[in-house]
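Down below is the structure, laid out as structure tokens.
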Amino acid sequence: MPRLTAAQLSYGSATVILSALAMLLLSGVESGAGVAVIGTAALALGVLVAVTVPGRTEAAPRTVAPALTGTLPETPRGNGESTRRARVDEHSLRR
């Protein structure tokens, strides 16, 4: 199973907290067993929400940017310089 995204974890956590609070307020339970049942139900609902919220879809294969491979396409400007090459050479990490 793929790891959950931050959005899925957030939705699941919010569901646990809000559903437990709502069930406790609406039911008026005062016993420890009742609170445990409501807590378990809220946790199960939160897990269900976290798993069913759309997460990452199957990622497309990652490609390496041309600037990272060191092979930049030559794009001539009016004065014969390569626009991309000039911009890369100006970068602070390339000095």
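In the structure tokens, each chain is lettered A, B, ... as it comes, each chain's residues begin at 1, and ligands are numbered from 1 in order of appearance.
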Query raised in the report: So which residues touch segment 21-24 of chain A within 9 Å, counting only C-alpha atoms, skipping near sequence neighbours fewer than 2 positions away, as a list in words?
Result: Val16, Ile17, Leu18, Ser19, Leu26, Ser27, Gly28, Val29, Glu30, Gly34, Val35, Ile38, Gly39 and Ala42 of chain A
Pull N, CA and C atoms from the residues just selected and write them as a PDB file, in the first residue's frame.
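Once written, out_1.pdb looks like this:
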ATOM      1  N   VAL A  16     -11.590  12.053  12.663  1.00  0.00           N
ATOM      2  CA  VAL A  16     -11.566  11.401  13.975  1.00  0.00           C
ATOM      3  C   VAL A  16     -11.969  12.394  15.059  1.00  0.00           C
ATOM      4  N   ILE A  17     -11.370  13.562  15.049  1.00  0.00           N
ATOM      5  CA  ILE A  17     -11.626  14.547  16.099  1.00  0.00           C
ATOM      6  C   ILE A  17     -13.069  15.043  16.054  1.00  0.00           C
ATOM      7  N   LEU A  18     -13.510  15.454  14.869  1.00  0.00           N
ATOM      8  CA  LEU A  18     -14.854  16.026  14.763  1.00  0.00           C
ATOM      9  C   LEU A  18     -15.955  14.989  14.980  1.00  0.00           C
ATOM     10  N   SER A  19     -15.755  13.779  14.469  1.00  0.00           N
ATOM     11  CA  SER A  19     -16.795  12.769  14.664  1.00  0.00           C
ATOM     12  C   SER A  19     -16.854  12.309  16.112  1.00  0.00           C
ATOM     13  N   LEU A  26     -23.687  14.436  21.141  1.00  0.00           N
ATOM     14  CA  LEU A  26     -25.043  14.020  20.794  1.00  0.00           C
ATOM     15  C   LEU A  26     -25.542  12.839  21.617  1.00  0.00           C
ATOM     16  N   SER A  27     -24.648  11.952  22.016  1.00  0.00           N
ATOM     17  CA  SER A  27     -25.097  10.757  22.740  1.00  0.00           C
ATOM     18  C   SER A  27     -25.221  10.991  24.246  1.00  0.00           C
ATOM     19  N   GLY A  28     -24.448  11.890  24.765  1.00  0.00           N
ATOM     20  CA  GLY A  28     -24.491  12.144  26.210  1.00  0.00           C
ATOM     21  C   GLY A  28     -23.937  10.992  27.030  1.00  0.00           C
ATOM     22  N   VAL A  29     -23.040  10.214  26.478  1.00  0.00           N
ATOM     23  CA  VAL A  29     -22.450   9.062  27.158  1.00  0.00           C
ATOM     24  C   VAL A  29     -21.598   9.541  28.331  1.00  0.00           C
ATOM     25  N   GLU A  30     -21.728   8.860  29.458  1.00  0.00           N
ATOM     26  CA  GLU A  30     -20.943   9.217  30.633  1.00  0.00           C
ATOM     27  C   GLU A  30     -20.055   8.082  31.110  1.00  0.00           C
ATOM     28  N   GLY A  34     -18.737   3.491  27.067  1.00  0.00           N
ATOM     29  CA  GLY A  34     -19.385   4.242  25.993  1.00  0.00           C
ATOM     30  C   GLY A  34     -18.407   5.154  25.271  1.00  0.00           C
ATOM     31  N   VAL A  35     -17.549   5.791  26.040  1.00  0.00           N
ATOM     32  CA  VAL A  35     -16.536   6.667  25.448  1.00  0.00           C
ATOM     33  C   VAL A  35     -15.559   5.841  24.605  1.00  0.00           C
ATOM     34  N   ILE A  38     -17.275   4.964  21.309  1.00  0.00           N
ATOM     35  CA  ILE A  38     -17.329   6.145  20.429  1.00  0.00           C
ATOM     36  C   ILE A  38     -15.940   6.454  19.874  1.00  0.00           C
ATOM     37  N   GLY A  39     -14.915   6.342  20.696  1.00  0.00           N
ATOM     38  CA  GLY A  39     -13.548   6.578  20.230  1.00  0.00           C
ATOM     39  C   GLY A  39     -13.136   5.585  19.159  1.00  0.00           C
ATOM     40  N   ALA A  42     -15.013   6.462  15.956  1.00  0.00           N
ATOM     41  CA  ALA A  42     -14.435   7.656  15.337  1.00  0.00           C
ATOM     42  C   ALA A  42     -13.118   7.323  14.651  1.00  0.00           C
TER      43      ALA A  42
END
Show which residues sit within 12 Å of Val49 of chain A, as a JSON list (two decimals) with C-alpha atoms, in the first residue's frame. Count only C-alpha atoms, and ignore same-chain residues fewer than 5 positions away.
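Result went into out_22.json, see below:
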[["chain", "number", "residue", "atom", "x", "y", "z"],
["A", 4, "LEU", "CA", -0.70, 8.37, 2.63],
["A", 7, "ALA", "CA", -4.07, 15.69, 2.64],
["A", 8, "GLN", "CA", -5.24, 12.17, 3.42],
["A", 9, "LEU", "CA", -3.71, 12.31, 6.90],
["A", 10, "SER", "CA", -5.28, 15.71, 7.54],
["A", 11, "TYR", "CA", -8.74, 14.62, 6.43],
["A", 12, "GLY", "CA", -8.53, 11.43, 8.47],
["A", 13, "SER", "CA", -7.36, 13.23, 11.62],
["A", 14, "ALA", "CA", -10.01, 15.92, 11.29],
["A", 15, "THR", "CA", -12.65, 13.23, 10.82],
["A", 16, "VAL", "CA", -11.57, 11.40, 13.98],
["A", 19, "SER", "CA", -16.80, 12.77, 14.66],
["A", 42, "ALA", "CA", -14.44, 7.66, 15.34],
["A", 43, "LEU", "CA", -11.03, 6.08, 14.69],
["A", 44, "ALA", "CA", -12.51, 3.57, 12.24],
["A", 54, "PRO", "CA", -8.11, 10.53, -3.54],
["A", 55, "GLY", "CA", -4.37, 10.52, -3.06]]
